[in-house]
>>> print(open('start-v1.txt').read())   # compact mmCIF, C-alpha atoms
# COMPACT_ATOMS: atom_id res chain seq x y z
CA MET A 1 0.00 0.00 0.00
CA SER A 2 2.80 2.38 0.91
CA MET A 3 4.49 1.58 -2.42
CA VAL A 4 1.30 2.40 -4.31
CA LEU A 5 1.05 5.74 -2.53
CA PHE A 6 4.76 6.35 -3.08
CA ALA A 7 4.39 5.61 -6.80
CA ASN A 8 1.36 7.89 -6.97
CA VAL A 9 2.92 10.85 -5.17
CA GLY A 10 6.41 10.33 -6.58
CA LEU A 11 5.25 10.30 -10.19
CA VAL A 12 3.15 13.48 -9.96
CA PRO A 13 6.07 15.90 -10.39
CA VAL A 14 7.57 13.72 -13.14
CA SER A 15 4.27 13.65 -15.02
CA GLN A 16 3.79 17.40 -14.61
CA ALA A 17 7.35 18.19 -15.70
CA LEU A 18 7.00 16.02 -18.82
CA SER A 19 3.64 17.64 -19.58
CA GLY A 20 5.19 21.08 -19.19
CA ILE A 21 7.94 20.19 -21.67
CA ILE A 22 5.57 18.65 -24.24
CA ILE A 23 3.03 21.49 -23.97
CA LYS A 24 5.69 23.95 -25.12
CA PHE A 25 5.61 22.19 -28.48
CA SER A 26 1.89 21.54 -28.77
CA LEU A 27 -1.18 21.21 -26.56
CA GLN A 28 -2.59 18.66 -29.00
CA TYR A 29 0.52 16.48 -28.84
CA LEU A 30 0.21 16.37 -25.05
CA PHE A 31 -3.38 15.14 -24.99
CA ILE A 32 -3.05 12.82 -27.98
CA GLY A 33 0.20 11.33 -26.62
CA ALA A 34 -1.23 10.80 -23.13
CA GLY A 35 -4.46 9.39 -24.54
CA VAL A 36 -2.69 6.95 -26.86
CA LEU A 37 -0.41 5.79 -24.01
CA MET A 38 -3.47 5.21 -21.79
CA ILE A 39 -5.14 3.18 -24.54
CA LEU A 40 -1.94 1.15 -25.02
CA LEU A 41 -1.83 0.56 -21.25
CA ALA A 42 -5.44 -0.67 -21.36
CA GLY A 43 -4.52 -2.96 -24.28
CA TRP A 44 -1.51 -4.33 -22.40
CA ALA A 45 -3.67 -4.89 -19.32
CA ALA A 46 -6.32 -6.69 -21.39
CA LEU A 47 -3.79 -9.02 -23.01
CA ASN A 48 -1.61 -9.64 -19.96
CA ARG A 49 -2.18 -13.04 -18.32
CA GLU A 50 -1.35 -11.76 -14.84
CA THR A 51 -3.86 -8.94 -15.16
CA ARG A 52 -6.62 -11.38 -16.03
CA SER A 53 -5.93 -13.32 -12.84
CA LEU A 54 -5.47 -10.13 -10.83
CA GLY A 55 -9.14 -9.66 -9.96
CA SER A 56 -9.69 -13.20 -8.77
CA SER A 57 -6.47 -13.34 -6.75
CA LEU A 58 -7.15 -10.06 -4.99
CA LEU A 59 -10.88 -10.59 -4.54
CA ASN A 60 -10.40 -14.12 -3.23
CA ALA A 61 -7.81 -12.80 -0.81
CA SER A 62 -10.12 -10.10 0.52
CA PRO A 63 -10.94 -10.66 4.19
CA ALA A 64 -14.34 -9.10 3.53
CA ASP A 65 -15.31 -12.19 1.54
CA MET B 1 17.35 14.70 -3.68
CA THR B 2 14.85 15.37 -0.89
CA LEU B 3 14.50 11.65 -0.15
CA TRP B 4 18.31 11.43 0.03
CA GLN B 5 18.35 14.09 2.74
CA ILE B 6 15.79 12.38 4.97
CA ARG B 7 17.25 10.85 8.16
CA GLN B 8 15.13 8.71 10.43
CA GLN B 9 14.93 9.91 14.02
CA GLU B 10 15.15 7.87 17.17
CA ILE B 11 11.70 6.96 18.49
CA GLY B 12 11.75 5.77 22.12
CA ASN B 13 14.42 3.14 22.56
CA ASN B 14 14.12 1.91 18.98
CA ARG B 15 16.57 3.29 16.51
CA THR B 16 16.84 2.08 12.96
CA ASN B 17 19.82 2.92 10.81
CA ASP B 18 17.99 2.11 7.59
CA HIS B 19 18.13 4.92 5.08
CA ILE B 20 14.85 5.97 3.48
CA LEU B 21 16.07 4.82 0.05
CA LYS B 22 16.88 1.39 1.49
CA SER B 23 13.36 1.22 2.90
CA ILE B 24 11.93 2.12 -0.51
CA ASN B 25 14.04 -0.60 -2.11
CA GLU B 26 12.78 -3.12 0.45
CA GLY B 27 9.22 -2.03 -0.30
CA LEU B 28 9.79 -2.54 -4.01
CA GLN B 29 11.27 -6.01 -3.44
CA PHE B 30 8.23 -6.84 -1.32
CA VAL B 31 5.81 -5.80 -4.09
CA LEU B 32 7.79 -7.65 -6.77
CA GLN B 33 7.33 -10.94 -4.87
CA ASP B 34 3.62 -10.95 -5.64
CA SER B 35 2.45 -10.87 -9.26
CA SER B 36 -0.93 -9.35 -8.38
CA LEU B 37 0.64 -6.49 -6.43
CA LYS B 38 3.29 -6.02 -9.13
CA VAL B 39 0.70 -5.70 -11.92
CA SER B 40 -1.44 -3.41 -9.74
CA LEU B 41 1.56 -1.17 -9.04
CA ILE B 42 2.49 -1.00 -12.74
CA LEU B 43 -1.09 -0.16 -13.76
CA ILE B 44 -1.57 2.50 -11.09
CA SER B 45 1.86 4.08 -11.66
CA ALA B 46 1.55 4.18 -15.47
CA ALA B 47 -2.02 5.49 -15.39
CA ASN B 48 -0.95 8.14 -12.89
CA LEU B 49 2.04 9.14 -15.03
CA PHE B 50 -0.05 9.50 -18.20
CA PHE B 51 -3.08 11.11 -16.55
CA VAL B 52 -2.04 13.59 -13.85
CA GLY B 53 0.26 15.80 -15.91
CA PRO B 54 -2.11 16.37 -18.82
CA LEU B 55 -4.93 17.00 -16.35
CA TYR B 56 -3.21 19.53 -14.08
CA VAL B 57 -0.92 21.14 -16.67
CA GLY B 58 -2.86 20.65 -19.90
CA ILE B 59 -6.37 21.60 -18.76
CA PRO B 60 -5.42 25.10 -17.48
CA VAL B 61 -3.64 25.81 -20.79
CA LEU B 62 -6.62 24.42 -22.71
CA ALA B 63 -8.99 26.67 -20.75
CA GLN B 64 -6.75 29.70 -21.33
CA LEU B 65 -6.33 29.15 -25.07
CA ARG B 66 -9.60 27.66 -26.24
CA LEU B 67 -12.48 28.06 -23.80
CA ALA B 68 -14.68 31.13 -23.52
CA GLY B 69 -14.18 32.92 -20.16
CA ALA B 70 -10.83 31.23 -19.62
CA VAL B 71 -10.42 31.40 -15.83
CA ALA B 72 -14.13 30.97 -15.08
CA ALA B 73 -14.25 28.04 -17.51
CA PHE B 74 -11.26 26.46 -15.78
CA GLY B 75 -12.98 26.75 -12.39
CA LEU B 76 -16.18 25.29 -13.81
CA ILE B 77 -14.59 22.27 -15.47
CA MET B 78 -12.33 21.50 -12.50
CA SER B 79 -15.38 21.62 -10.22
CA ALA B 80 -16.92 19.04 -12.57
CA TYR B 81 -13.83 16.86 -12.08
CA GLY B 82 -14.09 17.24 -8.30
CA GLY B 83 -17.82 16.49 -8.34
CA GLY B 84 -17.21 13.48 -10.58
CA ASN B 85 -14.62 12.15 -8.15
CA LEU B 86 -17.11 12.49 -5.31
CA LEU B 87 -19.75 10.61 -7.33
CA GLY B 88 -17.24 7.86 -8.17
CA ILE B 89 -16.13 7.50 -4.55
CA LEU B 90 -19.73 7.32 -3.32
CA SER B 91 -20.55 4.78 -6.05
CA ALA B 92 -17.57 2.60 -5.12
CA GLY B 93 -18.69 2.61 -1.50
CA ASN B 94 -22.36 1.93 -2.16
CA LEU B 95 -22.57 -0.25 -5.27
CA PRO B 96 -22.20 -4.03 -4.85
CA LYS B 97 -18.66 -5.33 -5.29
CA PRO B 98 -18.26 -6.66 -8.87
CA LYS B 99 -17.14 -10.22 -9.59
CA ALA B 100 -13.46 -10.76 -10.44
CA SER B 101 -13.86 -11.07 -14.23
CA LEU B 102 -16.17 -8.05 -14.38
CA LEU B 103 -13.82 -6.04 -12.17
CA ILE B 104 -10.87 -6.53 -14.51
CA ARG B 105 -13.00 -5.67 -17.56
CA LEU B 106 -14.21 -2.58 -15.73
CA ILE B 107 -10.66 -1.45 -14.88
CA VAL B 108 -9.39 -2.06 -18.42
CA GLY B 109 -12.47 -0.39 -19.89
CA LEU B 110 -12.05 2.66 -17.67
CA PHE B 111 -8.38 2.97 -18.67
CA ALA B 112 -9.38 2.81 -22.35
CA LEU B 113 -12.13 5.40 -21.72
CA PHE B 114 -9.59 7.69 -20.00
CA GLY B 115 -7.34 7.33 -23.05
CA LEU B 116 -10.12 8.16 -25.49
CA MET B 117 -11.18 11.18 -23.46
CA LEU B 118 -7.63 12.50 -23.11
CA THR B 119 -7.23 12.18 -26.88
CA THR B 120 -10.54 14.01 -27.41
CA PHE B 121 -9.34 16.90 -25.22
CA ALA B 122 -6.90 17.73 -28.02
CA PHE B 123 -9.88 18.94 -30.07
CA VAL B 124 -12.24 20.37 -27.41
CA THR B 125 -13.34 23.99 -27.83
CA SER B 126 -16.58 23.96 -25.80
CA THR B 127 -16.64 24.57 -22.06
CA TRP B 128 -19.70 22.37 -21.56
CA MET B 129 -18.15 19.52 -23.52
CA ALA B 130 -15.05 19.75 -21.32
CA PHE B 131 -17.36 19.93 -18.27
CA GLY B 132 -19.14 16.70 -19.23
CA MET B 133 -15.93 14.88 -20.08
CA LEU B 134 -14.23 15.85 -16.81
CA LEU B 135 -17.33 14.85 -14.85
CA VAL B 136 -17.13 11.36 -16.39
CA LEU B 137 -13.32 11.22 -15.96
CA GLY B 138 -13.66 12.25 -12.31
CA ALA B 139 -16.34 9.63 -11.64
CA GLY B 140 -14.17 6.91 -13.20
CA ASN B 141 -11.10 8.11 -11.31
CA GLY B 142 -12.92 8.16 -7.97
CA TYR B 143 -14.42 4.72 -8.51
CA LEU B 144 -11.08 3.23 -9.61
CA ALA B 145 -9.13 4.81 -6.77
CA ILE B 146 -11.39 3.38 -4.07
CA THR B 147 -11.83 -0.02 -5.73
CA LEU B 148 -8.13 -0.63 -6.45
CA ILE B 149 -6.84 0.71 -3.13
CA THR B 150 -9.38 -1.37 -1.21
CA LEU B 151 -8.35 -4.50 -3.10
CA ILE B 152 -4.64 -3.90 -2.58
CA SER B 153 -5.14 -3.09 1.11
CA ASN B 154 -6.96 -6.38 1.60
CA ALA B 155 -4.40 -8.46 -0.30
CA PRO B 156 -2.47 -10.94 1.89
CA LEU B 157 1.27 -10.68 2.50
CA PRO B 158 3.41 -12.63 0.05
CA ILE B 159 4.47 -16.00 1.46
CA LYS B 160 8.15 -15.07 1.77
CA SER B 161 7.32 -12.06 3.91
CA VAL B 162 5.09 -14.09 6.18
CA GLU B 163 7.95 -16.55 6.74
CA LEU B 164 10.25 -13.71 7.75
>>> encode(input="start-v1.txt", output="structure tokens")
Amino acid sequence: MSMVLFANVGLVPVSQALSGIIIKFSLQYLFIGAGVLMILLAGWAALNRETRSLGSSLLNASPAD
Amino acid sequence: MTLWQIRQQEIGNNRTNDHILKSINEGLQFVLQDSSLKVSLILISAANLFFVGPLYVGIPVLAQLRLAGAVAAFGLIMSAYGGGNLLGILSAGNLPKPKASLLIRLIVGLFALFGLMLTTFAFVTSTWMAFGMLLVLGAGNGYLAITLITLISNAPLPIKSVEL
């Protein structure tokens, strides 16, 4: 959990700095680039075997169940 | 650089000499032991990297350059994002927990939706269109944040860590 929060907080300045650099060239490039990368991430997640088993492994492990 | 400068202080009689970077490395090793946690961390980190910058850097510039009433429009559309987050968080807390297969499809689908919407922002010129899109993005973000963090919090410790 701490690593997830660390990754979240730690990547915010990196993401904002990269966005600031890209936006100097073009606002459209920024949104199109980020959007395409998100779609590729979704595609990777859909095709990845570990992702497909992620839900069941985490849900089955949940103490709430 | 700031992490490098952090020194842990003595608490009571317990003093640890572990540097903060060593603790981070140990945390990473811990996550890498479990494939579910590893995939979750990759997904959350990558989505965060691709999403946060364009949202907090790109949207103000978009509002300034393309939307009527630049500053007022920015306030309006960011309030939509905040309201959407609230809706998503309330939904995650109140809706029944989805089954495993549906949950993964939902997460993947929301990531794809985020991607499509970010791409669409490249061509947005209407404040109300941006308002609607950020409301939906916020709702998805709020729902995902609560759902994923709850799942990861409830995940068991990897076997090796339990043995330690």
>>> residues_around(input="start-v1.txt", residues="segment 7-14 of chain A", least_positions_apart="4", cutoff="8 Å", atoms="only C-alpha atoms", output="list in words")
Met3 and Leu18 of chain A; Leu41, Ile44, Ser45, Asn48, Leu49, Val52 and Gly53 of chain B
>>> interface_residues(input="start-v1.txt", of="chain B", to="chain A", cutoff="9 Å", atoms="only C-alpha atoms", output="number ranges by chain")
B: 24, 27-28, 31, 35-37, 39-41, 43-58, 61-62, 99-105, 107-123, 149-156
>>> atom_distance(input="start-v1.txt", atom1="atom CA of Asn85 of chain B", atom2="atom CA of Ile59 of chain B")
16.4 Å
>>> atom_distance(input="start-v1.txt", atom1="atom CA of Val136 of chain B", atom2="atom CA of Met78 of chain B")
11.9 Å
>>> atom_distance(input="start-v1.txt", atom1="atom CA of Ala63 of chain B", atom2="atom CA of Leu144 of chain B")
26.0 Å
>>> residues_around(input="start-v1.txt", residues="Gly93 of chain B", least_positions_apart="3", cutoff="8 Å", atoms="all atoms listed in the file", output="NGL selection string")
:B and (89-90 or 146)
>>> closest_residue(input="start-v1.txt", among="B:Gln29, B:Gln64, B:Thr125, B:Asn141", to="Leu87 of chain B", atoms="all atoms listed in the file")
B:Asn141
>>> build_atoms(input="start-v1.txt", residues="segment 33-48 of chain A", atoms="N, CA, C and O atoms", output="PDB file, in the coordinates of the input")
ATOM      1  N   GLY A  33      -0.831  12.248 -27.120  1.00  0.00           N
ATOM      2  CA  GLY A  33       0.200  11.330 -26.620  1.00  0.00           C
ATOM      3  C   GLY A  33      -0.242  10.630 -25.354  1.00  0.00           C
ATOM      4  O   GLY A  33      -0.129   9.397 -25.242  1.00  0.00           O
ATOM      5  N   ALA A  34      -0.782  11.399 -24.401  1.00  0.00           N
ATOM      6  CA  ALA A  34      -1.230  10.800 -23.130  1.00  0.00           C
ATOM      7  C   ALA A  34      -2.386   9.842 -23.377  1.00  0.00           C
ATOM      8  O   ALA A  34      -2.428   8.748 -22.793  1.00  0.00           O
ATOM      9  N   GLY A  35      -3.307  10.240 -24.251  1.00  0.00           N
ATOM     10  CA  GLY A  35      -4.460   9.390 -24.540  1.00  0.00           C
ATOM     11  C   GLY A  35      -4.049   8.080 -25.200  1.00  0.00           C
ATOM     12  O   GLY A  35      -4.520   7.003 -24.809  1.00  0.00           O
ATOM     13  N   VAL A  36      -3.150   8.167 -26.166  1.00  0.00           N
ATOM     14  CA  VAL A  36      -2.690   6.950 -26.860  1.00  0.00           C
ATOM     15  C   VAL A  36      -1.956   6.029 -25.869  1.00  0.00           C
ATOM     16  O   VAL A  36      -2.154   4.812 -25.870  1.00  0.00           O
ATOM     17  N   LEU A  37      -1.126   6.618 -25.000  1.00  0.00           N
ATOM     18  CA  LEU A  37      -0.410   5.790 -24.010  1.00  0.00           C
ATOM     19  C   LEU A  37      -1.393   5.111 -23.050  1.00  0.00           C
ATOM     20  O   LEU A  37      -1.187   3.949 -22.669  1.00  0.00           O
ATOM     21  N   MET A  38      -2.456   5.817 -22.672  1.00  0.00           N
ATOM     22  CA  MET A  38      -3.470   5.210 -21.790  1.00  0.00           C
ATOM     23  C   MET A  38      -4.170   4.051 -22.499  1.00  0.00           C
ATOM     24  O   MET A  38      -4.448   3.013 -21.894  1.00  0.00           O
ATOM     25  N   ILE A  39      -4.470   4.244 -23.782  1.00  0.00           N
ATOM     26  CA  ILE A  39      -5.140   3.180 -24.540  1.00  0.00           C
ATOM     27  C   ILE A  39      -4.203   1.971 -24.688  1.00  0.00           C
ATOM     28  O   ILE A  39      -4.629   0.816 -24.549  1.00  0.00           O
ATOM     29  N   LEU A  40      -2.917   2.247 -24.938  1.00  0.00           N
ATOM     30  CA  LEU A  40      -1.940   1.150 -25.020  1.00  0.00           C
ATOM     31  C   LEU A  40      -1.832   0.413 -23.684  1.00  0.00           C
ATOM     32  O   LEU A  40      -1.712  -0.811 -23.645  1.00  0.00           O
ATOM     33  N   LEU A  41      -1.882   1.172 -22.586  1.00  0.00           N
ATOM     34  CA  LEU A  41      -1.830   0.560 -21.250  1.00  0.00           C
ATOM     35  C   LEU A  41      -3.048  -0.352 -21.043  1.00  0.00           C
ATOM     36  O   LEU A  41      -2.911  -1.464 -20.517  1.00  0.00           O
ATOM     37  N   ALA A  42      -4.220   0.144 -21.479  1.00  0.00           N
ATOM     38  CA  ALA A  42      -5.440  -0.670 -21.360  1.00  0.00           C
ATOM     39  C   ALA A  42      -5.302  -1.936 -22.210  1.00  0.00           C
ATOM     40  O   ALA A  42      -5.688  -3.031 -21.769  1.00  0.00           O
ATOM     41  N   GLY A  43      -4.727  -1.795 -23.411  1.00  0.00           N
ATOM     42  CA  GLY A  43      -4.520  -2.960 -24.280  1.00  0.00           C
ATOM     43  C   GLY A  43      -3.570  -3.962 -23.650  1.00  0.00           C
ATOM     44  O   GLY A  43      -3.831  -5.173 -23.652  1.00  0.00           O
ATOM     45  N   TRP A  44      -2.477  -3.443 -23.076  1.00  0.00           N
ATOM     46  CA  TRP A  44      -1.510  -4.330 -22.400  1.00  0.00           C
ATOM     47  C   TRP A  44      -2.192  -5.057 -21.242  1.00  0.00           C
ATOM     48  O   TRP A  44      -2.012  -6.259 -21.049  1.00  0.00           O
ATOM     49  N   ALA A  45      -2.989  -4.296 -20.473  1.00  0.00           N
ATOM     50  CA  ALA A  45      -3.670  -4.890 -19.320  1.00  0.00           C
ATOM     51  C   ALA A  45      -4.658  -5.968 -19.773  1.00  0.00           C
ATOM     52  O   ALA A  45      -4.790  -7.011 -19.134  1.00  0.00           O
ATOM     53  N   ALA A  46      -5.327  -5.723 -20.900  1.00  0.00           N
ATOM     54  CA  ALA A  46      -6.320  -6.690 -21.390  1.00  0.00           C
ATOM     55  C   ALA A  46      -5.651  -7.975 -21.865  1.00  0.00           C
ATOM     56  O   ALA A  46      -6.215  -9.060 -21.720  1.00  0.00           O
ATOM     57  N   LEU A  47      -4.455  -7.853 -22.437  1.00  0.00           N
ATOM     58  CA  LEU A  47      -3.790  -9.020 -23.010  1.00  0.00           C
ATOM     59  C   LEU A  47      -2.893  -9.749 -22.014  1.00  0.00           C
ATOM     60  O   LEU A  47      -2.498 -10.889 -22.240  1.00  0.00           O
ATOM     61  N   ASN A  48      -2.556  -9.074 -20.917  1.00  0.00           N
ATOM     62  CA  ASN A  48      -1.610  -9.640 -19.960  1.00  0.00           C
ATOM     63  C   ASN A  48      -2.271 -10.751 -19.123  1.00  0.00           C
ATOM     64  O   ASN A  48      -3.347 -10.556 -18.562  1.00  0.00           O
TER      65      ASN A  48
END
